[in-house]
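protein_28.cif follows (mmCIF, C-alpha atoms and all ligand atoms):
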data_query
loop_
_atom_site.label_atom_id
_atom_site.label_comp_id
_atom_site.auth_asym_id
_atom_site.auth_seq_id
_atom_site.Cartn_x
_atom_site.Cartn_y
_atom_site.Cartn_z
CA MET A 6 -35.50 -4.75 -14.99
CA ALA A 7 -34.54 -7.97 -13.30
CA ASN A 8 -33.71 -8.18 -9.62
CA GLU A 9 -34.63 -4.62 -8.68
CA GLN A 10 -36.09 -5.67 -5.33
CA LEU A 11 -33.13 -7.93 -4.61
CA LYS A 12 -30.78 -5.04 -5.36
CA GLU A 13 -32.64 -2.88 -2.83
CA ASP A 14 -32.46 -5.67 -0.26
CA ILE A 15 -28.72 -6.07 -0.86
CA ILE A 16 -28.12 -2.32 -0.48
CA ASN A 17 -30.02 -2.30 2.81
CA TYR A 18 -28.29 -5.41 4.12
CA ALA A 19 -24.85 -4.07 3.13
CA LYS A 20 -25.37 -1.08 5.43
CA THR A 21 -25.91 -3.41 8.39
CA ILE A 22 -22.62 -5.29 7.88
CA GLY A 23 -20.26 -2.33 7.65
CA ILE A 24 -20.20 -1.72 3.91
CA ASP A 25 -20.16 2.05 3.45
CA LYS A 26 -20.88 2.20 -0.25
CA ILE A 27 -22.14 -0.31 -2.78
CA GLY A 28 -22.61 -0.12 -6.54
CA PHE A 29 -23.73 -2.42 -9.34
CA ALA A 30 -22.17 -2.73 -12.79
CA SER A 31 -22.34 -4.94 -15.83
CA ALA A 32 -19.80 -7.74 -16.19
CA ASN A 33 -18.87 -6.73 -19.74
CA PRO A 34 -15.16 -6.82 -20.56
CA PHE A 35 -13.18 -3.71 -19.58
CA ALA A 36 -12.17 -3.01 -23.17
CA GLU A 37 -10.75 0.49 -22.69
CA MET A 38 -8.70 -0.67 -19.75
CA LYS A 39 -7.32 -3.57 -21.74
CA ALA A 40 -5.77 -1.13 -24.21
CA ARG A 41 -4.41 1.04 -21.37
CA LEU A 42 -2.85 -1.93 -19.56
CA LYS A 43 -1.07 -2.97 -22.73
CA VAL A 44 0.44 0.52 -23.10
CA GLN A 45 1.49 0.48 -19.42
CA GLN A 46 3.04 -2.94 -19.75
CA ASP A 47 4.94 -2.00 -22.92
CA ALA A 48 6.24 1.15 -21.22
CA GLY A 49 7.52 -0.92 -18.26
CA TYR A 50 5.23 0.97 -15.85
CA SER A 51 3.65 -2.08 -14.15
CA SER A 52 4.61 -2.94 -10.56
CA GLY A 53 4.95 -6.67 -11.10
CA PHE A 54 2.55 -7.26 -8.19
CA GLU A 55 -0.42 -7.46 -10.59
CA LYS A 56 -2.12 -10.85 -10.76
CA GLY A 57 -3.03 -12.58 -14.01
CA THR A 58 -2.73 -11.78 -17.69
CA ILE A 59 -4.21 -8.63 -19.23
CA GLU A 60 -7.15 -10.77 -20.44
CA GLU A 61 -7.72 -12.15 -16.93
CA ARG A 62 -7.58 -8.65 -15.52
CA THR A 63 -10.18 -7.25 -17.90
CA GLU A 64 -12.61 -10.09 -18.65
CA PRO A 65 -14.90 -11.01 -15.74
CA LYS A 66 -16.24 -14.04 -17.60
CA LEU A 67 -12.83 -15.70 -17.30
CA HIS A 68 -13.47 -15.94 -13.55
CA LEU A 69 -17.15 -16.84 -13.64
CA ASN A 70 -18.31 -18.00 -17.03
CA GLU A 71 -21.95 -17.10 -16.41
CA ALA A 72 -21.00 -13.60 -15.12
CA GLU A 73 -23.78 -11.04 -15.57
CA SER A 74 -22.96 -8.25 -13.15
CA ILE A 75 -20.44 -7.11 -10.59
CA ILE A 76 -21.22 -5.74 -7.15
CA ALA A 77 -18.59 -3.23 -5.99
CA ILE A 78 -18.16 -2.39 -2.31
CA ALA A 79 -16.24 0.31 -0.47
CA VAL A 80 -15.29 0.49 3.21
CA ALA A 81 -14.04 3.82 4.57
CA TYR A 82 -10.88 4.06 6.69
CA PRO A 83 -9.51 6.79 8.95
CA SER A 84 -7.00 9.39 7.82
CA ARG A 85 -5.95 10.68 11.23
CA MET A 86 -4.87 9.01 14.44
CA LYS A 87 -6.53 10.04 17.64
CA ASP A 88 -3.24 9.92 19.59
CA ARG A 89 -0.11 11.57 18.26
CA MET A 90 3.14 9.75 18.90
CA SER A 91 6.24 11.67 19.91
CA ASN A 92 9.11 11.25 17.48
CA LYS A 93 12.20 12.50 19.23
CA ARG A 94 15.96 12.08 19.02
CA GLY A 95 17.01 8.75 20.51
CA GLN A 96 13.52 7.27 19.91
CA ARG A 97 12.80 7.95 16.27
CA ARG A 98 9.70 6.40 14.73
CA GLY A 99 8.77 5.10 11.28
CA ASN A 100 5.46 5.25 9.50
CA PHE A 101 3.05 2.82 7.84
CA CYS A 102 0.71 4.35 5.25
CA ARG A 103 -2.97 4.69 6.12
CA ALA A 104 -4.01 1.72 3.98
CA SER A 105 -2.09 -0.45 6.45
CA TRP A 106 -3.81 0.90 9.56
CA GLY A 107 -5.91 -1.49 11.59
CA ASN A 108 -6.49 -5.11 10.64
CA ASP A 109 -5.54 -6.22 7.13
CA TYR A 110 -8.28 -4.82 4.89
CA HIS A 111 -8.13 -7.87 2.63
CA GLU A 112 -9.50 -9.95 5.48
CA VAL A 113 -11.97 -7.31 6.61
CA LEU A 114 -13.48 -6.86 3.13
CA ASN A 115 -13.41 -10.55 2.27
CA GLU A 116 -15.41 -11.24 5.40
CA ARG A 117 -18.01 -8.61 4.38
CA LEU A 118 -18.17 -10.11 0.87
CA GLU A 119 -18.69 -13.58 2.34
CA GLN A 120 -21.60 -12.27 4.41
CA LEU A 121 -23.06 -10.64 1.31
CA THR A 122 -22.65 -13.89 -0.64
CA ALA A 123 -24.48 -15.85 2.06
CA PHE A 124 -27.28 -13.24 2.10
CA ILE A 125 -27.85 -13.53 -1.65
CA ALA A 126 -27.38 -17.31 -1.77
CA ALA A 127 -30.10 -17.72 0.87
CA ARG A 128 -32.53 -15.89 -1.44
CA VAL A 129 -31.57 -17.04 -4.91
CA PRO A 130 -31.26 -20.73 -5.77
CA GLY A 131 -28.42 -21.30 -8.22
CA PHE A 132 -26.64 -18.09 -7.22
CA ARG A 133 -22.99 -18.16 -8.20
CA SER A 134 -20.30 -15.60 -7.47
CA ARG A 135 -16.59 -14.93 -7.22
CA SER A 136 -15.23 -12.25 -4.88
CA MET A 137 -11.93 -10.36 -4.98
CA VAL A 138 -10.15 -7.77 -2.86
CA ASP A 139 -7.01 -6.15 -4.25
CA THR A 140 -5.06 -9.33 -4.90
CA GLY A 141 -7.59 -10.78 -7.38
CA GLU A 142 -7.17 -10.42 -11.11
CA LEU A 143 -9.81 -7.74 -11.72
CA SER A 144 -8.94 -4.10 -11.07
CA ASP A 145 -10.90 -3.00 -7.99
CA ARG A 146 -10.64 0.56 -9.25
CA ALA A 147 -12.01 -0.13 -12.71
CA VAL A 148 -14.98 -1.99 -11.21
CA ALA A 149 -15.60 0.74 -8.62
CA GLU A 150 -15.50 3.41 -11.33
CA ARG A 151 -18.00 1.56 -13.52
CA ALA A 152 -20.29 0.89 -10.55
CA GLY A 153 -20.44 4.56 -9.53
CA ILE A 154 -18.51 4.21 -6.26
CA GLY A 155 -16.30 7.15 -7.21
CA TRP A 156 -14.38 8.69 -10.08
CA SER A 157 -10.84 7.76 -10.98
CA GLY A 158 -8.67 10.69 -9.87
CA LYS A 159 -5.53 11.97 -11.53
CA ASN A 160 -3.68 10.23 -8.67
CA CYS A 161 -5.11 6.88 -9.91
CA MET A 162 -7.21 6.49 -6.75
CA ILE A 163 -10.99 6.12 -6.67
CA ILE A 164 -12.41 9.27 -5.09
CA THR A 165 -15.83 9.03 -3.46
CA PRO A 166 -17.80 12.21 -2.72
CA GLU A 167 -18.52 10.93 0.83
CA PHE A 168 -15.21 9.46 2.01
CA GLY A 169 -12.67 10.90 -0.40
CA SER A 170 -10.13 8.34 -1.57
CA TYR A 171 -9.80 6.84 1.92
CA VAL A 172 -11.78 3.73 0.99
CA TYR A 173 -10.89 0.09 0.56
CA LEU A 174 -12.45 -1.55 -2.47
CA GLY A 175 -13.63 -5.05 -3.26
CA GLU A 176 -16.02 -6.71 -5.68
CA MET A 177 -18.17 -9.73 -6.33
CA ILE A 178 -18.78 -11.07 -9.83
CA THR A 179 -22.25 -12.66 -9.92
CA ASN A 180 -24.40 -14.67 -12.32
CA LEU A 181 -27.38 -12.37 -11.63
CA PRO A 182 -28.32 -9.44 -13.86
CA PHE A 183 -28.82 -6.30 -11.74
CA PRO A 184 -29.80 -2.81 -12.91
CA SER A 185 -26.47 -0.96 -13.32
CA ASP A 186 -25.56 2.22 -11.45
CA GLN A 187 -24.23 5.25 -13.29
CA PRO A 188 -20.54 6.16 -13.10
CA ILE A 189 -19.78 9.42 -11.25
CA ASP A 190 -18.47 12.42 -13.19
CA ASP A 191 -14.78 13.17 -12.84
CA ASP A 192 -14.45 16.06 -10.38
CA CYS A 193 -10.69 16.69 -10.43
CA GLY A 194 -11.21 19.75 -12.61
CA ASP A 195 -8.08 21.85 -13.19
CA CYS A 196 -6.36 20.54 -10.06
CA THR A 197 -2.98 18.83 -10.55
CA LEU A 198 -1.73 18.85 -6.93
CA CYS A 199 -1.07 15.11 -6.74
CA ILE A 200 1.02 15.22 -9.91
CA ASP A 201 2.89 18.37 -8.88
CA ARG A 202 3.69 17.09 -5.37
CA CYS A 203 4.77 13.56 -6.27
CA PRO A 204 8.42 13.48 -5.17
CA THR A 205 9.53 11.05 -7.86
CA GLY A 206 7.39 12.11 -10.82
CA ALA A 207 5.70 8.72 -10.74
CA LEU A 208 2.40 10.21 -11.91
CA VAL A 209 3.61 10.66 -15.48
CA ALA A 210 0.26 12.05 -16.68
CA PRO A 211 -3.25 12.45 -15.21
CA GLY A 212 -4.37 8.97 -14.18
CA ARG A 213 -1.16 7.36 -15.39
CA LEU A 214 1.29 5.91 -12.89
CA ASN A 215 4.77 4.54 -13.44
CA ALA A 216 4.62 2.04 -10.56
CA GLN A 217 8.37 1.42 -10.82
CA ASN A 218 8.91 5.01 -9.69
CA CYS A 219 6.15 5.11 -7.08
CA LEU A 220 7.43 5.29 -3.49
CA ALA A 221 4.55 3.10 -2.31
CA PHE A 222 5.88 0.33 -4.56
CA ILE A 223 9.54 1.05 -3.76
CA THR A 224 8.96 0.56 -0.03
CA GLN A 225 7.76 -2.98 -0.82
CA THR A 226 10.70 -4.19 -2.90
CA LYS A 227 13.10 -6.63 -1.29
CA GLY A 228 16.46 -5.74 -2.83
CA PHE A 229 18.73 -2.74 -2.26
CA MET A 230 16.82 0.51 -2.55
CA PRO A 231 18.17 2.53 -5.49
CA ASP A 232 20.12 5.58 -4.26
CA GLU A 233 17.82 8.18 -5.81
CA TYR A 234 14.89 7.12 -3.58
CA ARG A 235 16.72 6.86 -0.24
CA GLY A 236 16.53 10.57 0.46
CA LYS A 237 12.90 10.70 -0.57
CA ILE A 238 11.20 8.03 1.54
CA GLY A 239 12.05 9.79 4.81
CA ASN A 240 10.72 7.64 7.67
CA GLN A 241 8.25 5.68 5.55
CA LEU A 242 8.33 1.94 6.38
CA TYR A 243 5.49 0.75 4.18
CA GLY A 244 3.48 2.43 1.44
CA TYR A 245 3.26 6.11 0.64
CA ASP A 246 0.07 8.12 0.50
CA ASN A 247 1.11 11.71 -0.10
CA CYS A 248 -0.89 11.82 -3.32
CA GLN A 249 -3.97 11.22 -1.16
CA VAL A 250 -2.95 13.61 1.62
CA VAL A 251 -2.51 16.56 -0.78
CA CYS A 252 -5.80 15.89 -2.55
CA PRO A 253 -8.32 18.66 -1.82
CA LYS A 254 -11.14 16.13 -2.11
CA ASN A 255 -9.80 14.49 1.05
CA ARG A 256 -9.68 17.71 3.03
CA GLY A 257 -11.46 17.30 6.37
CA ILE A 258 -12.28 13.66 5.68
CA ASP A 259 -11.51 11.29 8.53
CA SER A 260 -13.89 8.33 8.82
CA HIS A 261 -13.83 6.33 12.04
CA LEU A 262 -16.62 3.90 11.26
CA HIS A 263 -15.05 0.49 11.97
CA PRO A 264 -13.16 -0.40 15.18
CA GLU A 265 -11.15 -3.08 13.33
CA LEU A 266 -9.69 -0.42 11.02
CA GLU A 267 -8.54 1.87 13.83
CA PRO A 268 -4.75 2.26 13.96
CA ASP A 269 -2.69 1.14 16.94
CA PRO A 270 -0.13 3.97 17.20
CA GLU A 271 2.61 1.62 18.42
CA LEU A 272 2.16 -0.51 15.31
CA VAL A 273 1.66 2.10 12.61
CA LYS A 274 4.31 4.48 13.95
CA PRO A 275 6.72 2.03 15.59
CA GLU A 276 10.04 2.96 17.11
CA LEU A 277 12.71 2.25 14.52
CA LEU A 278 15.57 0.84 16.54
CA PRO A 279 13.70 -2.14 18.09
CA LEU A 280 12.53 -3.16 14.60
CA LEU A 281 16.08 -4.03 13.62
CA SER A 282 16.46 -6.93 16.05
CA LEU A 283 13.03 -8.57 15.65
CA SER A 284 13.02 -12.31 14.94
CA ASN A 285 10.66 -13.61 12.24
CA ARG A 286 8.31 -14.88 14.93
CA GLU A 287 8.34 -11.59 16.84
CA PHE A 288 7.68 -9.69 13.61
CA LYS A 289 4.74 -11.94 12.76
CA ASN A 290 3.27 -11.74 16.25
CA LYS A 291 3.52 -7.96 16.32
CA PHE A 292 2.78 -6.89 12.74
CA GLY A 293 1.21 -10.00 11.18
CA LYS A 294 -2.36 -8.66 11.26
CA MET A 295 -1.45 -5.57 9.25
CA ALA A 296 -1.66 -5.32 5.45
CA GLY A 297 1.84 -3.83 5.51
CA SER A 298 3.43 -7.06 6.73
CA TRP A 299 2.68 -9.07 3.56
CA ARG A 300 6.24 -8.83 2.21
CA GLY A 301 7.79 -10.02 5.47
CA LYS A 302 10.22 -8.18 7.71
CA LYS A 303 13.14 -7.54 5.36
CA PRO A 304 11.76 -4.55 3.41
CA ILE A 305 10.48 -3.02 6.67
CA GLN A 306 13.89 -3.42 8.32
CA ARG A 307 15.70 -2.07 5.26
CA ASN A 308 13.39 0.96 5.27
CA ALA A 309 13.87 1.38 9.02
CA ILE A 310 17.63 1.57 8.47
CA ILE A 311 17.13 4.22 5.77
CA ALA A 312 14.81 6.14 8.12
CA LEU A 313 17.46 6.07 10.88
CA ALA A 314 19.96 7.46 8.36
CA HIS A 315 17.41 10.12 7.40
CA TYR A 316 17.24 11.22 11.05
CA LYS A 317 21.03 10.85 11.49
CA GLU A 318 20.20 8.87 14.59
CA GLU A 319 23.56 8.41 16.36
CA ALA A 320 21.95 6.21 19.05
CA ALA A 321 21.33 3.60 16.34
CA VAL A 322 24.93 3.27 15.16
CA ASP A 323 25.92 0.45 17.56
CA GLU A 324 23.01 -1.68 16.34
CA LEU A 325 23.77 -0.80 12.71
CA ILE A 326 27.39 -1.87 13.21
CA ARG A 327 26.16 -5.17 14.61
CA LEU A 328 23.94 -5.69 11.55
CA MET A 329 26.73 -4.70 9.15
CA ASN A 330 28.99 -7.33 10.71
CA GLU A 331 26.57 -10.11 11.55
CA ASP A 332 23.36 -10.07 9.54
CA PRO A 333 23.22 -12.92 7.01
CA ARG A 334 21.20 -10.80 4.52
CA PRO A 335 23.38 -8.73 2.16
CA VAL A 336 20.62 -6.09 1.73
CA ILE A 337 20.63 -5.47 5.48
CA ARG A 338 24.44 -5.53 5.87
CA GLY A 339 24.92 -3.19 2.94
CA THR A 340 22.12 -0.76 3.80
CA ALA A 341 23.43 -0.63 7.39
CA ALA A 342 26.94 0.21 6.12
CA TRP A 343 25.57 3.02 3.95
CA ALA A 344 23.50 4.35 6.88
CA ILE A 345 26.46 4.28 9.28
CA GLY A 346 28.40 6.45 6.83
CA LYS A 347 25.50 8.85 6.37
CA ILE A 348 24.90 9.24 10.12
CA ALA A 349 28.61 10.11 10.46
CA ARG A 350 29.19 9.37 14.13
CA SER A 351 32.84 9.80 15.11
CA ASP A 352 33.50 6.03 14.92
CA SER A 353 31.41 5.41 11.76
CA TYR A 354 34.15 5.21 9.17
CA GLN A 355 36.55 3.10 11.21
CA ALA A 356 33.72 0.60 11.77
CA ILE A 357 32.97 0.42 8.03
CA ARG A 358 36.66 -0.08 7.16
CA THR A 359 36.97 -2.92 9.68
CA ALA A 360 33.88 -4.64 8.25
CA GLU A 361 35.00 -4.00 4.68
CA ALA A 362 38.21 -5.96 5.27
CA LYS A 363 36.23 -9.17 5.81
CA GLU A 364 33.19 -8.57 3.56
CA THR A 365 33.05 -10.63 0.36
CA ASP A 366 29.67 -9.75 -1.19
CA PRO A 367 30.23 -7.29 -4.06
CA GLU A 368 26.93 -5.46 -3.51
CA VAL A 369 27.63 -5.00 0.19
CA LEU A 370 31.14 -3.79 -0.62
CA ALA A 371 29.65 -1.23 -3.02
CA GLU A 372 27.36 0.04 -0.22
CA MET A 373 30.38 0.28 2.11
CA LYS A 374 32.11 2.49 -0.45
CA LYS A 375 29.02 4.71 -0.55
CA GLY A 376 29.08 4.88 3.26
CA LEU A 377 32.77 5.80 3.27
CA ALA A 378 32.17 8.49 0.64
CA TYR A 379 30.25 10.50 3.28
CA GLU A 380 33.59 10.90 5.13
CA GLN A 381 34.92 12.92 2.22
CA VAL A 382 31.73 14.98 2.20
CA MET A 383 32.25 15.72 5.91
CA THR A 384 35.90 16.79 5.60
FE1 LIG B 1 -7.69 15.05 -8.62
FE2 LIG B 1 -6.40 17.13 -7.48
FE3 LIG B 1 -7.02 15.00 -6.02
FE4 LIG B 1 -5.11 14.83 -7.87
S1 LIG B 1 -5.03 16.08 -6.02
S2 LIG B 1 -6.73 13.36 -7.51
S3 LIG B 1 -5.93 16.18 -9.46
S4 LIG B 1 -8.46 16.43 -7.03
#

Could you render the structure from this file as C-alpha cells?
Amino acid sequence: MANEQLKEDIINYAKTIGIDKIGFASANPFAEMKARLKVQQDAGYSSGFEKGTIEERTEPKLHLNEAESIIAIAVAYPSRMKDRMSNKRGQRRGNFCRASWGNDYHEVLNERLEQLTAFIAARVPGFRSRSMVDTGELSDRAVAERAGIGWSGKNCMIITPEFGSYVYLGEMITNLPFPSDQPIDDDCGDCTLCIDRCPTGALVAPGRLNAQNCLAFITQTKGFMPDEYRGKIGNQLYGYDNCQVVCPKNRGIDSHLHPELEPDPELVKPELLPLLSLSNREFKNKFGKMAGSWRGKKPIQRNAIIALAHYKEEAAVDELIRLMNEDPRPVIRGTAAWAIGKIARSDSYQAIRTAEAKETDPEVLAEMKKGLAYEQVMT
C-alpha cells in the first residue's frame, strides 16, 4: 500500500508536536451523513452555526479536488482545574465550559496542522492539503469516527478510549493515498446517561441532537433567552458540557498534557458582577484568547445577568438597575429588568416601575412585566 513509511513518519512526528492521537481515512464522500444531515435540517434541528451546504459538508473533494485521504488529529484537554475558586454570596462566579479552557483550540490545532503540513510538504513534492478545525465545512466528528480516533457516542461526541470525549478534533484533507485506519467499535452499550440527564431533552435519540434545544447552543445566541431555559443554565456563561461530565467513559479522565490548554481560574470562572461593566476593549483584552469569546461580550453579559438572578444576588441589583436604565442594548436592559424582579430585593419593583415609565422598546417592556410578575409571586 502506498505511503506506509510516510504514514509511520507522520505518526511519529505528530507525537513530538503535541498531537495526542492521529488517524487516517479515505476521502470518499460521507454518504450516510449526507442523508442524516438532510433529516436534521428538515426537522429544524441544526444550530445555524454550521458552515457550507450539505454537499460541502460531506464531500471532501469539493475542498481539494485531488483529495485522496484525510488525516484526523485529536488533542486532549483537561477536565478538572487544579485550583478551586470560591463562589460565595456577594462574589458569585460564572462558568465557561471545558472546551473554552486555555487558549482558543482553533488556533492551537491549526498551528499543529500547519506544522504537520510543513513536515509532509518537505518530503513529498506536489503535496497538497486543506486543513480544518471546527469552523470548516467538514464534520470533525465524522472524519474522526472514520479515522478510528474514537466512536460517536450517544451524546454526539467522539469518545476516545484514552482521553474520553475531552479531545479537540481537526483534520487535513490531502492528495496522498494513505492506508486507512479502522473505525473503533461503539462502546456506549446499554448506557443512556447523557440522554437521561440532558436538562432540555436536546438529545432526542441516541446520537441525535436538536441543537436548537441544546444549552451549549443557547448560551451562544445573541437575542433574549427564551424563558424556559433561564432556570436551566444556572451560572453557565458559555457552552454546556454536562453530557460529557455524566459520561462513564470520562470517569477519572483528566489530561494535563499541554500548558496552553490549562485553564486560568479567573477567566473560566470569572466573577459575575465585574463582567457587566466591561467595555468592548476590556472584554477583548481579558477574554479574547478564549474560544468562548467568539460571539463577543453580549451573550456572556446576558448569561451573567441570568446567573446573578439564579443566585438571587442582591449585591448585583444596583448594577442591574443601572443597566436597565442606561444600556443601549435592549437584550441587556430587558434581561436586567427580569433579573431585578427575580432577585426581589426590597427596592426591585419600584425600580422596574420607574424604568418602565420611560422605556419604549416592546421587548424590554415585556421583560419588565415578567420582572414585575415576581412581585405577585412574593406576596
Ligand atoms: Fe455513551 Fe453513556 Fe457516554 Fe452517553 S453517557 S455517550 S450513552 S457512554

With the cut-off set at 9 Å and counting all atoms listed in the file, tabulate each residue of chain A with an atom at most that distance from an atom of ligand LIG 1 (chain B), showing the nearest atom pair and its distance in Å to one decimal, ordered by chain and increasing number, as JSON lines.
{"residue": "A:Ser157", "atom": "CA", "partner": "B:LIG1", "partner_atom": "S2", "distance": 7.8}
{"residue": "A:Gly158", "atom": "CA", "partner": "B:LIG1", "partner_atom": "S2", "distance": 4.1}
{"residue": "A:Lys159", "atom": "CA", "partner": "B:LIG1", "partner_atom": "S2", "distance": 4.4}
{"residue": "A:Asn160", "atom": "CA", "partner": "B:LIG1", "partner_atom": "S2", "distance": 4.5}
{"residue": "A:Cys161", "atom": "CA", "partner": "B:LIG1", "partner_atom": "S2", "distance": 7.1}
{"residue": "A:Met162", "atom": "CA", "partner": "B:LIG1", "partner_atom": "S2", "distance": 6.9}
{"residue": "A:Ile163", "atom": "CA", "partner": "B:LIG1", "partner_atom": "S2", "distance": 8.4}
{"residue": "A:Ile164", "atom": "CA", "partner": "B:LIG1", "partner_atom": "S2", "distance": 7.4}
{"residue": "A:Gly169", "atom": "CA", "partner": "B:LIG1", "partner_atom": "FE3", "distance": 9.0}
{"residue": "A:Ser170", "atom": "CA", "partner": "B:LIG1", "partner_atom": "S2", "distance": 8.5}
{"residue": "A:Asp191", "atom": "CA", "partner": "B:LIG1", "partner_atom": "FE1", "distance": 8.5}
{"residue": "A:Asp192", "atom": "CA", "partner": "B:LIG1", "partner_atom": "S4", "distance": 6.9}
{"residue": "A:Cys193", "atom": "CA", "partner": "B:LIG1", "partner_atom": "FE1", "distance": 3.9}
{"residue": "A:Gly194", "atom": "CA", "partner": "B:LIG1", "partner_atom": "S4", "distance": 7.1}
{"residue": "A:Asp195", "atom": "CA", "partner": "B:LIG1", "partner_atom": "S3", "distance": 7.1}
{"residue": "A:Cys196", "atom": "CA", "partner": "B:LIG1", "partner_atom": "FE2", "distance": 4.3}
{"residue": "A:Thr197", "atom": "CA", "partner": "B:LIG1", "partner_atom": "S3", "distance": 4.1}
{"residue": "A:Leu198", "atom": "CA", "partner": "B:LIG1", "partner_atom": "S1", "distance": 4.4}
{"residue": "A:Cys199", "atom": "CA", "partner": "B:LIG1", "partner_atom": "S1", "distance": 4.1}
{"residue": "A:Ile200", "atom": "CA", "partner": "B:LIG1", "partner_atom": "FE4", "distance": 6.5}
{"residue": "A:Asp201", "atom": "CA", "partner": "B:LIG1", "partner_atom": "S1", "distance": 8.7}
{"residue": "A:Arg202", "atom": "CA", "partner": "B:LIG1", "partner_atom": "S1", "distance": 8.8}
{"residue": "A:Pro211", "atom": "CA", "partner": "B:LIG1", "partner_atom": "S3", "distance": 7.4}
{"residue": "A:Gly212", "atom": "CA", "partner": "B:LIG1", "partner_atom": "S2", "distance": 8.3}
{"residue": "A:Cys248", "atom": "CA", "partner": "B:LIG1", "partner_atom": "S1", "distance": 6.5}
{"residue": "A:Gln249", "atom": "CA", "partner": "B:LIG1", "partner_atom": "FE3", "distance": 6.9}
{"residue": "A:Val250", "atom": "CA", "partner": "B:LIG1", "partner_atom": "S1", "distance": 8.3}
{"residue": "A:Val251", "atom": "CA", "partner": "B:LIG1", "partner_atom": "S1", "distance": 5.8}
{"residue": "A:Cys252", "atom": "CA", "partner": "B:LIG1", "partner_atom": "S1", "distance": 3.6}
{"residue": "A:Pro253", "atom": "CA", "partner": "B:LIG1", "partner_atom": "S4", "distance": 5.7}
{"residue": "A:Lys254", "atom": "CA", "partner": "B:LIG1", "partner_atom": "S4", "distance": 5.6}
{"residue": "A:Asn255", "atom": "CA", "partner": "B:LIG1", "partner_atom": "FE3", "distance": 7.6}

Between atom CA of A:Ile258 and atom CA of A:Glu167, what is the spacing in Å? 8.4 Å

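Once A:Ile337 and its same-chain neighbours fewer than 2 positions away are set aside, Phe229, Lys303, Gln306, Arg307, Ile310, Leu328, Met329, Asp332, Pro333, Arg334, Pro335, Gly339, Thr340, Ala341, Ala342 and Val369 of chain A remain within 9 Å of it when counting all atoms listed in the file.
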
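Shortest separation to A:Leu208 among A:Tyr379, A:Phe35, A:Trp343, A:Tyr50 occurs at residue A:Tyr50, atoms counted being only C-alpha atoms.
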
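Reported to one decimal place, the separation of atom CA of A:Thr359 from atom CA of A:Ala309 is 23.5 Å.
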
Between atom CA of A:Gln10 and atom CA of A:Arg128, what distance in Å does the model show, to one decimal? 11.5 Å

Contacts of A:Glu112 at 12 Å or less, counting all atoms listed in the file, minus same-chain residues fewer than 2 places along, as a compact mmCIF listing (two decimals) with C-alpha atoms, in the coordinates of the input?
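Written file, result_30.txt:
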# COMPACT_ATOMS: atom_id res chain seq x y z
CA GLY A 107 -5.91 -1.49 11.59
CA ASN A 108 -6.49 -5.11 10.64
CA ASP A 109 -5.54 -6.22 7.13
CA TYR A 110 -8.28 -4.82 4.89
CA LEU A 114 -13.48 -6.86 3.13
CA ASN A 115 -13.41 -10.55 2.27
CA GLU A 116 -15.41 -11.24 5.40
CA ARG A 117 -18.01 -8.61 4.38
CA LEU A 118 -18.17 -10.11 0.87
CA GLU A 119 -18.69 -13.58 2.34
CA MET A 137 -11.93 -10.36 -4.98
CA VAL A 138 -10.15 -7.77 -2.86
CA ASP A 139 -7.01 -6.15 -4.25
CA THR A 140 -5.06 -9.33 -4.90
CA TYR A 173 -10.89 0.09 0.56
CA LEU A 174 -12.45 -1.55 -2.47
CA GLY A 175 -13.63 -5.05 -3.26
CA GLU A 265 -11.15 -3.08 13.33
CA LEU A 266 -9.69 -0.42 11.02
CA LYS A 294 -2.36 -8.66 11.26
CA MET A 295 -1.45 -5.57 9.25
CA ALA A 296 -1.66 -5.32 5.45

Centre and edge lengths, as JSON, for the axis-aligned box enclosing every listed atom of stretch 186-197 of chain A with 4 Å of padding on each of the six sides, in Å to one decimal?
{"center_x": -14.3, "center_y": 12.0, "center_z": -11.7, "size_x": 30.6, "size_y": 27.6, "size_z": 11.2}

(8.7, -6.9, -7.8) in this file's frame - what residues fall within 9 Å of it? Use all atoms listed in the file and give the answer as a count of residues only. 9

Residues within 10 Å of (-28.2, -3.0, -10.9), file coords, all atoms listed in the file, listed as a PDB file with C-alpha atoms, in the frame of the given file:
ATOM      1  CA  MET A   6     -35.500  -4.750 -14.990  1.00  0.00           C
ATOM      2  CA  ALA A   7     -34.540  -7.970 -13.300  1.00  0.00           C
ATOM      3  CA  ASN A   8     -33.710  -8.180  -9.620  1.00  0.00           C
ATOM      4  CA  GLU A   9     -34.630  -4.620  -8.680  1.00  0.00           C
ATOM      5  CA  LEU A  11     -33.130  -7.930  -4.610  1.00  0.00           C
ATOM      6  CA  LYS A  12     -30.780  -5.040  -5.360  1.00  0.00           C
ATOM      7  CA  GLU A  13     -32.640  -2.880  -2.830  1.00  0.00           C
ATOM      8  CA  GLY A  28     -22.610  -0.120  -6.540  1.00  0.00           C
ATOM      9  CA  PHE A  29     -23.730  -2.420  -9.340  1.00  0.00           C
ATOM     10  CA  ALA A  30     -22.170  -2.730 -12.790  1.00  0.00           C
ATOM     11  CA  SER A  31     -22.340  -4.940 -15.830  1.00  0.00           C
ATOM     12  CA  SER A  74     -22.960  -8.250 -13.150  1.00  0.00           C
ATOM     13  CA  ILE A  75     -20.440  -7.110 -10.590  1.00  0.00           C
ATOM     14  CA  ILE A  76     -21.220  -5.740  -7.150  1.00  0.00           C
ATOM     15  CA  ALA A 152     -20.290   0.890 -10.550  1.00  0.00           C
ATOM     16  CA  LEU A 181     -27.380 -12.370 -11.630  1.00  0.00           C
ATOM     17  CA  PRO A 182     -28.320  -9.440 -13.860  1.00  0.00           C
ATOM     18  CA  PHE A 183     -28.820  -6.300 -11.740  1.00  0.00           C
ATOM     19  CA  PRO A 184     -29.800  -2.810 -12.910  1.00  0.00           C
ATOM     20  CA  SER A 185     -26.470  -0.960 -13.320  1.00  0.00           C
ATOM     21  CA  ASP A 186     -25.560   2.220 -11.450  1.00  0.00           C
ATOM     22  CA  GLN A 187     -24.230   5.250 -13.290  1.00  0.00           C
TER      23      GLN A 187
END

A:Glu361: which residues within 12 Å, counting all atoms listed in the file, same-chain residues fewer than 2 positions away excluded, as a PyMOL selection string? chain A and resi 326+329-330+338-339+342-343+354-359+363-377

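Of the listed residues A:Tyr82, A:Leu214, A:Pro130, A:Val336, the one whose atoms come nearest to A:Gln45 is A:Leu214, with distances taken using all atoms listed in the file.
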
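The environment of stretch 235-241 of chain A within 8 Å, counting only C-alpha atoms and disregarding residues fewer than 5 places along the same chain, consists of Arg98, Gly99, Asn100, Phe101, Cys102, Pro204, Leu220, Thr224, Met230, Asn308, Ala309, Ile311, Ala312, Leu313 and His315 of chain A.
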